[in-house]
>>> print(open('entry-v8.txt').read())   # compact mmCIF, C-alpha atoms
# COMPACT_ATOMS: atom_id res chain seq x y z
CA MET A 1 -30.33 101.00 -35.89
CA SER A 2 -30.52 97.32 -35.13
CA ARG A 3 -31.07 93.97 -36.77
CA ASP A 4 -34.84 94.29 -36.23
CA THR A 5 -35.12 97.47 -38.28
CA ALA A 6 -32.34 97.04 -40.85
CA LEU A 7 -32.66 93.40 -41.87
CA VAL A 8 -35.48 91.17 -43.07
CA SER A 9 -35.42 87.39 -43.48
CA ALA A 10 -36.25 85.49 -46.65
CA GLU A 11 -39.38 84.18 -44.88
CA TRP A 12 -40.54 87.73 -44.13
CA ALA A 13 -39.78 88.78 -47.69
CA GLU A 14 -41.73 85.95 -49.27
CA LYS A 15 -44.74 86.74 -47.07
CA ASN A 16 -44.56 90.43 -47.96
CA ILE A 17 -43.99 90.19 -51.71
CA ASP A 18 -47.38 91.75 -52.42
CA ALA A 19 -47.58 93.98 -49.35
CA PRO A 20 -48.60 97.52 -50.23
CA GLY A 21 -45.87 100.08 -49.75
CA VAL A 22 -43.07 97.50 -49.89
CA VAL A 23 -40.75 97.73 -52.89
CA PHE A 24 -38.20 95.02 -53.56
CA VAL A 25 -35.08 96.24 -55.37
CA GLU A 26 -32.46 93.91 -56.82
CA VAL A 27 -29.04 95.52 -57.12
CA ASP A 28 -26.35 93.89 -59.17
CA GLU A 29 -23.37 94.96 -61.13
CA ASP A 30 -24.35 92.52 -63.84
CA THR A 31 -28.10 92.67 -64.30
CA SER A 32 -28.22 89.43 -66.28
CA ALA A 33 -28.96 87.70 -62.96
CA TYR A 34 -32.14 89.78 -62.57
CA ASP A 35 -33.14 89.06 -66.14
CA THR A 36 -32.93 85.28 -65.63
CA GLY A 37 -35.24 85.51 -62.61
CA HIS A 38 -36.01 87.93 -59.80
CA ILE A 39 -38.30 88.22 -56.79
CA ALA A 40 -41.85 88.90 -58.03
CA GLY A 41 -42.43 92.62 -58.35
CA ALA A 42 -38.80 93.56 -57.76
CA ILE A 43 -37.28 96.36 -59.80
CA LYS A 44 -33.61 96.37 -60.71
CA LEU A 45 -30.83 98.85 -60.22
CA ASP A 46 -27.57 98.44 -62.11
CA TRP A 47 -24.69 99.37 -59.84
CA ARG A 48 -22.55 100.73 -62.63
CA THR A 49 -25.00 102.44 -64.97
CA ASP A 50 -27.71 103.54 -62.50
CA LEU A 51 -25.76 104.34 -59.37
CA GLN A 52 -22.47 105.74 -60.72
CA ASP A 53 -21.95 109.05 -62.46
CA GLN A 54 -21.08 108.13 -66.04
CA VAL A 55 -18.38 110.80 -66.46
CA ARG A 56 -16.76 111.74 -63.15
CA ARG A 57 -15.54 109.09 -60.72
CA ASP A 58 -18.31 109.50 -58.18
CA PHE A 59 -21.71 108.09 -57.50
CA VAL A 60 -24.98 109.73 -58.55
CA ASN A 61 -25.69 113.11 -56.99
CA LYS A 62 -28.92 114.12 -55.24
CA SER A 63 -30.79 115.14 -58.40
CA GLN A 64 -29.61 112.05 -60.29
CA PHE A 65 -30.77 109.85 -57.39
CA GLU A 66 -34.14 111.62 -57.37
CA ALA A 67 -34.53 111.17 -61.12
CA LEU A 68 -33.60 107.50 -60.91
CA LEU A 69 -36.03 106.61 -58.12
CA SER A 70 -38.83 108.71 -59.62
CA GLU A 71 -38.43 106.97 -62.97
CA ARG A 72 -38.35 103.50 -61.35
CA GLY A 73 -41.42 104.25 -59.25
CA VAL A 74 -40.00 104.35 -55.73
CA GLY A 75 -41.76 106.76 -53.36
CA ASN A 76 -40.43 108.51 -50.29
CA ASP A 77 -42.82 106.56 -48.07
CA ASP A 78 -42.10 103.13 -49.55
CA VAL A 79 -40.33 100.47 -47.51
CA VAL A 80 -37.37 99.61 -49.74
CA VAL A 81 -36.07 96.03 -49.41
CA LEU A 82 -32.72 95.59 -51.14
CA TYR A 83 -31.17 92.31 -52.21
CA GLY A 84 -28.65 91.11 -54.76
CA GLY A 85 -25.91 88.74 -55.78
CA ASN A 86 -22.29 88.72 -54.57
CA ASN A 87 -23.49 88.12 -50.99
CA ASN A 88 -25.42 91.41 -51.06
CA TRP A 89 -22.29 93.52 -51.67
CA PHE A 90 -24.00 95.82 -54.14
CA ALA A 91 -27.30 95.70 -52.28
CA ALA A 92 -25.43 96.87 -49.17
CA TYR A 93 -23.80 99.57 -51.29
CA ALA A 94 -27.24 100.70 -52.45
CA TYR A 95 -28.49 100.56 -48.84
CA TRP A 96 -25.71 102.97 -47.95
CA TYR A 97 -26.80 105.30 -50.82
CA PHE A 98 -30.42 105.21 -49.65
CA LYS A 99 -29.25 106.12 -46.13
CA LEU A 100 -26.91 108.79 -47.47
CA TYR A 101 -29.81 110.41 -49.33
CA GLY A 102 -32.10 110.13 -46.31
CA HIS A 103 -34.60 107.43 -47.29
CA ARG A 104 -36.76 106.76 -44.22
CA ASP A 105 -37.27 103.01 -44.34
CA VAL A 106 -34.76 100.82 -46.10
CA LYS A 107 -33.92 97.21 -45.31
CA LEU A 108 -31.56 94.52 -46.53
CA LEU A 109 -32.79 91.01 -47.32
CA ASP A 110 -30.62 88.67 -45.23
CA GLY A 111 -28.65 86.34 -47.51
CA GLY A 112 -29.68 88.14 -50.68
CA ARG A 113 -30.10 86.21 -53.91
CA LYS A 114 -27.93 83.34 -52.77
CA LYS A 115 -30.01 82.38 -49.74
CA TRP A 116 -33.19 82.86 -51.78
CA GLU A 117 -31.90 80.55 -54.52
CA LEU A 118 -30.48 77.93 -52.13
CA ASP A 119 -33.88 77.88 -50.39
CA ALA A 120 -35.45 77.28 -53.84
CA ARG A 121 -37.81 80.22 -53.32
CA PRO A 122 -39.66 81.43 -56.43
CA LEU A 123 -38.06 83.73 -59.00
CA VAL A 124 -39.97 85.13 -61.95
CA THR A 125 -38.98 86.73 -65.26
CA ASP A 126 -42.00 89.04 -65.62
CA ALA A 127 -41.23 92.60 -66.63
CA VAL A 128 -41.88 94.98 -63.73
CA THR A 129 -43.03 98.54 -64.18
CA ARG A 130 -44.15 100.83 -61.41
CA PRO A 131 -45.94 104.15 -61.80
CA ARG A 132 -43.67 107.15 -61.82
CA THR A 133 -43.15 109.03 -58.55
CA GLU A 134 -41.77 112.41 -57.58
CA TYR A 135 -38.97 111.26 -55.29
CA VAL A 136 -37.33 113.89 -53.11
CA ALA A 137 -33.90 113.06 -51.66
CA GLN A 138 -32.25 114.76 -48.70
CA GLU A 139 -28.87 116.46 -48.89
CA PRO A 140 -26.14 113.77 -48.71
CA ASP A 141 -25.34 112.68 -45.17
CA ASN A 142 -21.55 112.75 -45.28
CA THR A 143 -21.33 111.55 -41.69
CA ILE A 144 -21.36 108.06 -43.24
CA ARG A 145 -18.98 108.80 -46.14
CA ALA A 146 -15.20 109.18 -45.83
CA PHE A 147 -13.01 111.01 -48.35
CA ARG A 148 -9.32 110.45 -48.91
CA ASP A 149 -7.83 113.26 -46.83
CA GLU A 150 -9.89 112.14 -43.87
CA VAL A 151 -8.59 108.62 -44.36
CA ILE A 152 -4.97 109.77 -44.40
CA ASP A 153 -5.64 111.76 -41.21
CA ALA A 154 -7.16 108.66 -39.64
CA ILE A 155 -3.91 106.68 -39.84
CA GLY A 156 -2.95 105.83 -36.29
CA THR A 157 -5.87 107.75 -34.76
CA LYS A 158 -9.20 106.19 -35.86
CA ASN A 159 -10.20 102.61 -36.50
CA LEU A 160 -9.38 101.78 -40.10
CA VAL A 161 -10.98 98.50 -41.10
CA ASP A 162 -9.75 96.82 -44.27
CA VAL A 163 -12.45 94.34 -45.27
CA ARG A 164 -10.71 92.80 -48.30
CA SER A 165 -9.37 89.25 -48.30
CA PRO A 166 -6.16 88.58 -46.33
CA ASP A 167 -4.14 88.29 -49.55
CA GLU A 168 -5.35 91.68 -50.79
CA PHE A 169 -4.60 93.20 -47.37
CA ALA A 170 -1.05 91.83 -47.38
CA GLY A 171 -0.42 92.95 -50.95
CA ARG A 172 -0.20 89.46 -52.43
CA LEU A 173 -3.28 90.05 -54.60
CA LEU A 174 -4.67 93.29 -56.06
CA ALA A 175 -8.26 92.16 -56.56
CA PRO A 176 -10.65 89.45 -55.41
CA ALA A 177 -9.58 86.06 -56.73
CA HIS A 178 -12.38 85.74 -59.27
CA LEU A 179 -10.93 88.66 -61.24
CA PRO A 180 -7.70 89.02 -63.22
CA GLN A 181 -4.94 90.69 -61.23
CA GLU A 182 -3.42 93.09 -63.72
CA GLN A 183 -4.43 96.48 -62.26
CA ALA A 184 -1.68 99.09 -62.14
CA GLN A 185 -1.96 100.58 -58.65
CA ARG A 186 0.24 99.59 -55.71
CA ALA A 187 -0.70 96.64 -53.54
CA GLY A 188 -0.95 96.65 -49.75
CA HIS A 189 -3.07 98.42 -47.15
CA ILE A 190 -3.42 101.71 -45.27
CA PRO A 191 -0.98 101.67 -42.33
CA THR A 192 -2.62 100.85 -38.97
CA ALA A 193 -5.70 99.33 -40.65
CA ILE A 194 -6.92 96.13 -39.06
CA SER A 195 -7.88 93.27 -41.35
CA VAL A 196 -11.43 92.02 -40.93
CA PRO A 197 -12.51 90.45 -44.23
CA TRP A 198 -16.18 91.19 -45.00
CA SER A 199 -16.71 87.44 -45.31
CA LYS A 200 -16.12 86.96 -41.58
CA ALA A 201 -19.46 88.70 -40.99
CA ALA A 202 -21.43 86.30 -43.19
CA LYS A 203 -22.26 82.63 -43.10
CA GLU A 204 -21.63 80.63 -46.26
CA ASP A 205 -25.29 80.99 -47.30
CA GLY A 206 -24.80 84.77 -47.29
CA THR A 207 -26.81 85.55 -44.13
CA PHE A 208 -25.21 87.60 -41.37
CA LYS A 209 -23.80 85.96 -38.26
CA SER A 210 -25.43 86.72 -34.90
CA ASP A 211 -24.75 90.04 -33.18
CA ASP A 212 -22.73 88.25 -30.48
CA GLU A 213 -20.55 86.50 -33.03
CA LEU A 214 -20.07 89.75 -34.94
CA ARG A 215 -19.07 91.70 -31.81
CA LYS A 216 -16.48 89.04 -30.96
CA ILE A 217 -14.99 89.10 -34.46
CA TYR A 218 -14.35 92.85 -34.43
CA ALA A 219 -13.19 92.87 -30.82
CA ALA A 220 -10.70 90.07 -31.53
CA ALA A 221 -9.38 92.01 -34.52
CA GLY A 222 -8.69 95.02 -32.29
CA LEU A 223 -11.55 97.41 -33.11
CA ASP A 224 -11.58 100.14 -30.45
CA ASP A 225 -15.21 100.91 -29.53
CA GLY A 226 -14.18 104.34 -28.27
CA LYS A 227 -12.96 105.54 -31.65
CA GLU A 228 -14.58 106.52 -34.91
CA THR A 229 -14.31 103.96 -37.67
CA ILE A 230 -13.65 104.07 -41.42
CA ALA A 231 -14.17 100.90 -43.48
CA TYR A 232 -12.69 100.38 -46.93
CA CYS A 233 -12.17 97.67 -49.52
CA ARG A 234 -11.23 97.94 -53.20
CA ILE A 235 -14.14 99.92 -54.70
CA GLY A 236 -16.37 100.48 -51.68
CA GLU A 237 -19.03 97.79 -52.02
CA ARG A 238 -17.61 95.13 -49.70
CA SER A 239 -16.95 97.88 -47.16
CA SER A 240 -20.61 98.90 -47.42
CA HIS A 241 -21.39 95.35 -46.26
CA SER A 242 -19.11 95.81 -43.23
CA TRP A 243 -20.37 99.37 -42.66
CA PHE A 244 -23.87 97.85 -42.54
CA VAL A 245 -22.72 95.33 -39.92
CA LEU A 246 -20.98 97.89 -37.72
CA GLN A 247 -23.49 100.74 -37.87
CA GLU A 248 -26.82 99.17 -38.78
CA LEU A 249 -26.64 95.78 -37.02
CA LEU A 250 -24.29 96.46 -34.10
CA GLY A 251 -25.26 100.11 -33.67
CA HIS A 252 -21.75 101.59 -33.60
CA PRO A 253 -21.90 105.38 -33.94
CA ASN A 254 -19.62 107.27 -36.31
CA VAL A 255 -18.85 104.60 -38.89
CA LYS A 256 -17.95 105.81 -42.37
CA ASN A 257 -17.55 103.98 -45.65
CA TYR A 258 -14.56 105.09 -47.73
CA ASP A 259 -15.98 104.43 -51.18
CA GLY A 260 -12.80 105.58 -52.95
CA SER A 261 -11.19 102.61 -51.21
CA TRP A 262 -8.03 100.91 -52.40
CA THR A 263 -8.44 101.81 -56.07
CA GLU A 264 -8.10 105.44 -54.99
CA TYR A 265 -5.73 105.13 -52.03
CA GLY A 266 -3.41 102.66 -53.76
CA SER A 267 -3.00 105.06 -56.67
CA LEU A 268 -2.23 108.21 -54.63
CA VAL A 269 1.28 109.61 -54.93
CA GLY A 270 3.22 109.93 -51.70
CA VAL A 271 0.87 108.30 -49.19
CA PRO A 272 2.14 105.62 -46.80
CA VAL A 273 1.40 102.00 -47.66
CA ALA A 274 1.95 98.93 -45.47
CA LEU A 275 2.73 95.47 -46.80
CA GLY A 276 2.27 92.12 -45.13
CA ASP A 277 -0.22 90.67 -42.69
CA GLU A 278 0.30 93.18 -39.84
CA PRO A 279 -1.41 96.61 -39.59
CA GLY A 280 1.95 98.42 -39.63
CA GLU A 281 3.07 101.67 -37.99
CA ALA A 282 1.58 105.15 -38.35
CA MET B 1 -18.31 87.92 -74.05
CA THR B 2 -18.11 90.18 -71.05
CA ALA B 3 -14.53 91.07 -70.25
CA PRO B 4 -13.72 91.42 -66.57
CA THR B 5 -13.05 95.05 -65.73
CA ALA B 6 -10.85 96.70 -63.20
CA ALA B 7 -13.68 98.79 -61.82
CA GLY B 8 -16.05 96.01 -60.91
CA CYS B 9 -16.30 93.19 -58.47
CA ALA B 10 -19.09 91.13 -60.00
CA ALA B 11 -18.18 87.67 -61.17
CA PRO B 12 -17.45 87.68 -64.90
CA ASP B 13 -19.24 85.24 -67.17
CA GLN B 14 -17.81 81.89 -66.11
CA ALA B 15 -18.20 80.37 -69.58
CA ALA B 16 -16.40 83.16 -71.42
CA PRO B 17 -13.03 82.41 -73.02
CA LEU B 18 -10.02 83.58 -71.04
CA PRO B 19 -9.22 87.19 -72.00
CA ALA B 20 -6.52 87.38 -74.67
CA SER B 21 -4.62 89.87 -72.50
CA LEU B 22 -4.27 87.28 -69.73
CA ASP B 23 -0.67 86.27 -69.10
CA LEU B 24 -0.69 82.60 -68.07
CA GLU B 25 3.00 82.87 -67.21
CA LYS B 26 1.88 85.11 -64.34
CA GLU B 27 -1.73 84.18 -63.56
CA THR B 28 -2.80 81.15 -61.56
CA VAL B 29 -6.18 80.09 -62.90
CA ILE B 30 -8.26 77.54 -60.99
CA THR B 31 -11.09 76.29 -63.16
CA GLY B 32 -13.39 73.31 -63.52
CA ASP B 33 -16.99 72.29 -63.16
CA VAL B 34 -19.52 71.32 -60.52
CA ARG B 35 -21.32 68.01 -61.00
CA SER B 36 -23.92 65.99 -59.16
CA GLU B 37 -23.16 62.48 -57.94
CA ALA B 38 -24.82 61.22 -61.14
CA GLY B 39 -22.25 63.23 -63.12
CA GLU B 40 -24.62 65.92 -64.39
CA VAL B 41 -23.31 69.48 -64.50
CA VAL B 42 -24.83 71.85 -61.93
CA ALA B 43 -25.55 75.34 -63.23
CA GLY B 44 -26.08 78.18 -60.77
CA ALA B 45 -24.04 76.60 -57.99
CA TYR B 46 -22.16 78.97 -55.67
CA VAL B 47 -18.45 78.07 -55.66
CA ARG B 48 -16.32 79.53 -52.87
CA LEU B 49 -12.52 79.66 -52.98
CA LEU B 50 -11.06 79.20 -49.49
CA ASP B 51 -7.37 79.79 -48.72
CA SER B 52 -5.06 77.36 -46.91
CA THR B 53 -6.44 78.50 -43.52
CA GLY B 54 -10.04 77.99 -44.66
CA GLU B 55 -10.63 81.73 -44.99
CA PHE B 56 -13.04 82.83 -47.71
CA THR B 57 -11.30 84.43 -50.70
CA ALA B 58 -13.81 84.62 -53.54
CA GLU B 59 -17.09 83.26 -54.83
CA VAL B 60 -18.58 82.78 -58.29
CA VAL B 61 -21.76 81.26 -59.68
CA THR B 62 -21.36 78.40 -62.17
CA SER B 63 -22.26 78.89 -65.83
CA PRO B 64 -25.07 76.95 -67.57
CA ALA B 65 -22.42 74.26 -68.22
CA GLY B 66 -21.50 74.16 -64.53
CA GLN B 67 -18.15 75.91 -64.99
CA PHE B 68 -16.28 78.16 -62.57
CA ARG B 69 -12.99 80.06 -62.72
CA PHE B 70 -10.77 81.87 -60.22
CA PHE B 71 -7.63 83.96 -60.61
CA ALA B 72 -5.61 83.01 -57.55
CA ALA B 73 -1.98 82.50 -56.60
CA PRO B 74 0.16 79.36 -56.39
CA GLY B 75 -0.54 77.30 -53.26
CA ALA B 76 -3.13 75.17 -51.48
CA TRP B 77 -6.79 76.10 -51.88
CA THR B 78 -10.16 74.53 -51.11
CA LEU B 79 -13.18 74.84 -53.37
CA ARG B 80 -16.57 74.68 -51.65
CA ALA B 81 -19.69 74.41 -53.78
CA LEU B 82 -23.23 75.16 -52.51
CA SER B 83 -26.33 74.31 -54.49
CA ARG B 84 -29.94 73.49 -53.89
CA HIS B 85 -29.00 69.89 -54.76
CA GLY B 86 -26.38 69.73 -52.02
CA ASN B 87 -22.87 70.86 -51.19
CA GLY B 88 -19.34 69.57 -51.80
CA ASP B 89 -15.63 70.33 -51.36
CA ALA B 90 -12.44 69.73 -53.34
CA ALA B 91 -8.81 70.50 -52.50
CA VAL B 92 -6.34 71.79 -55.08
CA THR B 93 -2.65 72.67 -55.00
CA ALA B 94 -2.37 75.29 -57.70
CA ALA B 95 0.65 76.27 -59.80
CA ARG B 96 0.97 79.10 -62.31
CA GLY B 97 -1.09 78.49 -65.44
CA ILE B 98 -4.37 76.63 -65.62
CA ASN B 99 -5.34 74.25 -62.82
CA GLU B 100 -8.39 72.08 -63.49
CA VAL B 101 -10.46 70.66 -60.66
CA ALA B 102 -13.90 69.08 -60.42
CA VAL B 103 -16.28 69.48 -57.47
CA THR B 104 -19.05 66.98 -56.77
CA VAL B 105 -22.12 68.06 -54.78
CA ALA B 106 -24.42 65.66 -52.95
>>> encode(input="entry-v8.txt", output="structure tokens")
Amino acid sequence: MSRDTALVSAEWAEKNIDAPGVVFVEVDEDTSAYDTGHIAGAIKLDWRTDLQDQVRRDFVNKSQFEALLSERGVGNDDVVVLYGGNNNWFAAYAYWYFKLYGHRDVKLLDGGRKKWELDARPLVTDAVTRPRTEYVAQEPDNTIRAFRDEVIDAIGTKNLVDVRSPDEFAGRLLAPAHLPQEQAQRAGHIPTAISVPWSKAAKEDGTFKSDDELRKIYAAAGLDDGKETIAYCRIGERSSHSWFVLQELLGHPNVKNYDGSWTEYGSLVGVPVALGDEPGEA
Amino acid sequence: MTAPTAAGCAAPDQAAPLPASLDLEKETVITGDVRSEAGEVVAGAYVRLLDSTGEFTAEVVTSPAGQFRFFAAPGAWTLRALSRHGNGDAAVTAARGINEVAVTVA
């Protein structure tokens, strides 16, 4: 993958709003943003209700994903262009789902909603309905998904990239600073993880930095190109953003997103935890 | 109102009252509004909380009344607001409890 195939600009998106076979999908946790205005023709996916299993702690399985996309009118041959708020965190998460379930052509809109709004590009409130499809997903590609035992085994052997803010990494905060901090799990990070906050990959308007800048950021943080990589954050959406950078923009092979992330790891009994600004020892 | 939840990362409603469960003896809340040079509130502005080294920490979108709110920690922070009307910065040294700060964009 590369920037040319994985990413589209706001200019490209505006020109292709009505292009046949292109489906814009807004992905937010809070869909009130979509309801106050969205890209013309875009459908919405709600991160929590559409993309998460409503009983078990897991995301939707293959048949649930097929049912969702069929009902929303997304076809296997459609070019899916994802965008959303929160600097595309949840859009990047959805991108990772689409890849995991084998969608052929999926792209992320560079800068997401923020860039679109700051550019004063048009948003509409029209209801969007698309004709039903019979979407067929592939078996999940777990080469891009890490589970907890694999993460524990990766301590001191693979690249572990913690993409939360420096204060969350060090254990001074348990959640991003726009949320209350009262969760019960332990604070800190997985020993030997390097800290590369997701935000280092993005400019303030939400668009990604250049490939050269991105390569320098990860190299300076100590990412070893010769090793496999697992990215994590708190609930797996910010790490999807960094997974996208490493695998889809920079073309690193063998990058996994640990979607259990700190809310799982930081609640496990008996696993090692490091505090402070340094990666810590294995 | 929409209560912030442990599971999510989306910005809660910036105009909602502070949750009753919030302990202001422990929390450091940085709140205020974004205004234009003419003093009008700016809704839909993107407000970024930067730490003392300038590193990004969090971002919210202002409410219809131009309000924003962060749950941070005591110390020096910078607020950076982006809007289609212009951008602006404000510095704040926060203590536990509620810290009010205004940001002007031009």
>>> residues_around(input="entry-v8.txt", residues="stretch 259-269 of chain A", least_positions_apart="2", cutoff="7 Å", atoms="all atoms listed in the file", output="ChimeraX atom specification")
/A:185-187,232-236,257,271
>>> atom_distance(input="entry-v8.txt", atom1="atom CA of A:Trp96", atom2="atom CA of A:Ser165")
21.3 Å
>>> interface_residues(input="entry-v8.txt", of="chain A", to="chain B", cutoff="6 Å", atoms="only C-alpha atoms", output="ChimeraX atom specification")
/A:29,118,165,177-180
>>> atom_distance(input="entry-v8.txt", atom1="atom CA of A:Ala170", atom2="atom CA of A:Ala219")
20.6 Å
>>> closest_residue(input="entry-v8.txt", among="A:Ala67, A:Asp225, A:Ala42, A:Leu7", to="A:Asp105", atoms="all atoms listed in the file")
A:Leu7
>>> residues_around(input="entry-v8.txt", residues="stretch 92-95 of chain A", least_positions_apart="6", cutoff="9 Å", atoms="only C-alpha atoms", output="list in words")
Val27, Leu45, Trp47, Leu51, Val80, Val81, Leu82, Tyr83, Gly84, Val106, Lys107, Leu108, Gly236, Glu237, Arg238, Ser239, Ser240, His241, Ser242, Trp243 and Phe244 of chain A
>>> residues_near_point(input="entry-v8.txt", point="(-26.5, 71.7, -63.4)", cutoff="6 Å", atoms="only C-alpha atoms", output="ChimeraX atom specification")
/B:41-43,66
>>> atom_distance(input="entry-v8.txt", atom1="atom CA of B:Val92", atom2="atom CA of A:Asp277")
23.4 Å
>>> residues_near_point(input="entry-v8.txt", point="(-49.4, 101.9, -51.6)", cutoff="12 Å", atoms="all atoms listed in the file", output="PyMOL selection string")
chain A and resi 18-23+73-79+130-131+133
>>> residues_around(input="entry-v8.txt", residues="A:Ala127", least_positions_apart="4", cutoff="10 Å", atoms="only C-alpha atoms", output="VMD selection string")
chain A and resid 35 38 40 to 43
>>> closest_residue(input="entry-v8.txt", among="A:Lys115, A:Lys15, A:Arg148, A:Arg172", to="B:Pro74", atoms="all atoms listed in the file")
A:Arg172
>>> closest_residue(input="entry-v8.txt", among="B:Asn99, B:Thr62, B:Ser52, B:Thr104", to="B:Glu37", atoms="only C-alpha atoms")
B:Thr104
>>> closest_residue(input="entry-v8.txt", among="A:Val196, A:Val60, A:Ala6, A:Ala146", to="A:Glu168", atoms="all atoms listed in the file")
A:Val196
>>> closest_residue(input="entry-v8.txt", among="A:Gly222, A:Pro272, A:Gly111, A:Pro122", to="A:Glu14", atoms="all atoms listed in the file")
A:Pro122
>>> residues_around(input="entry-v8.txt", residues="A:Gly156", least_positions_apart="5", cutoff="10 Å", atoms="all atoms listed in the file", output="number ranges by chain")
A: 190-193, 279-282
>>> axis_aligned_box(input="entry-v8.txt", around="stretch 155-168 of chain A", padding_each_side="8 Å", output="AutoDock Vina command-line options")
--center_x -7.7 --center_y 98.0 --center_z -42.8 --size_x 25.5 --size_y 35.5 --size_z 32.0
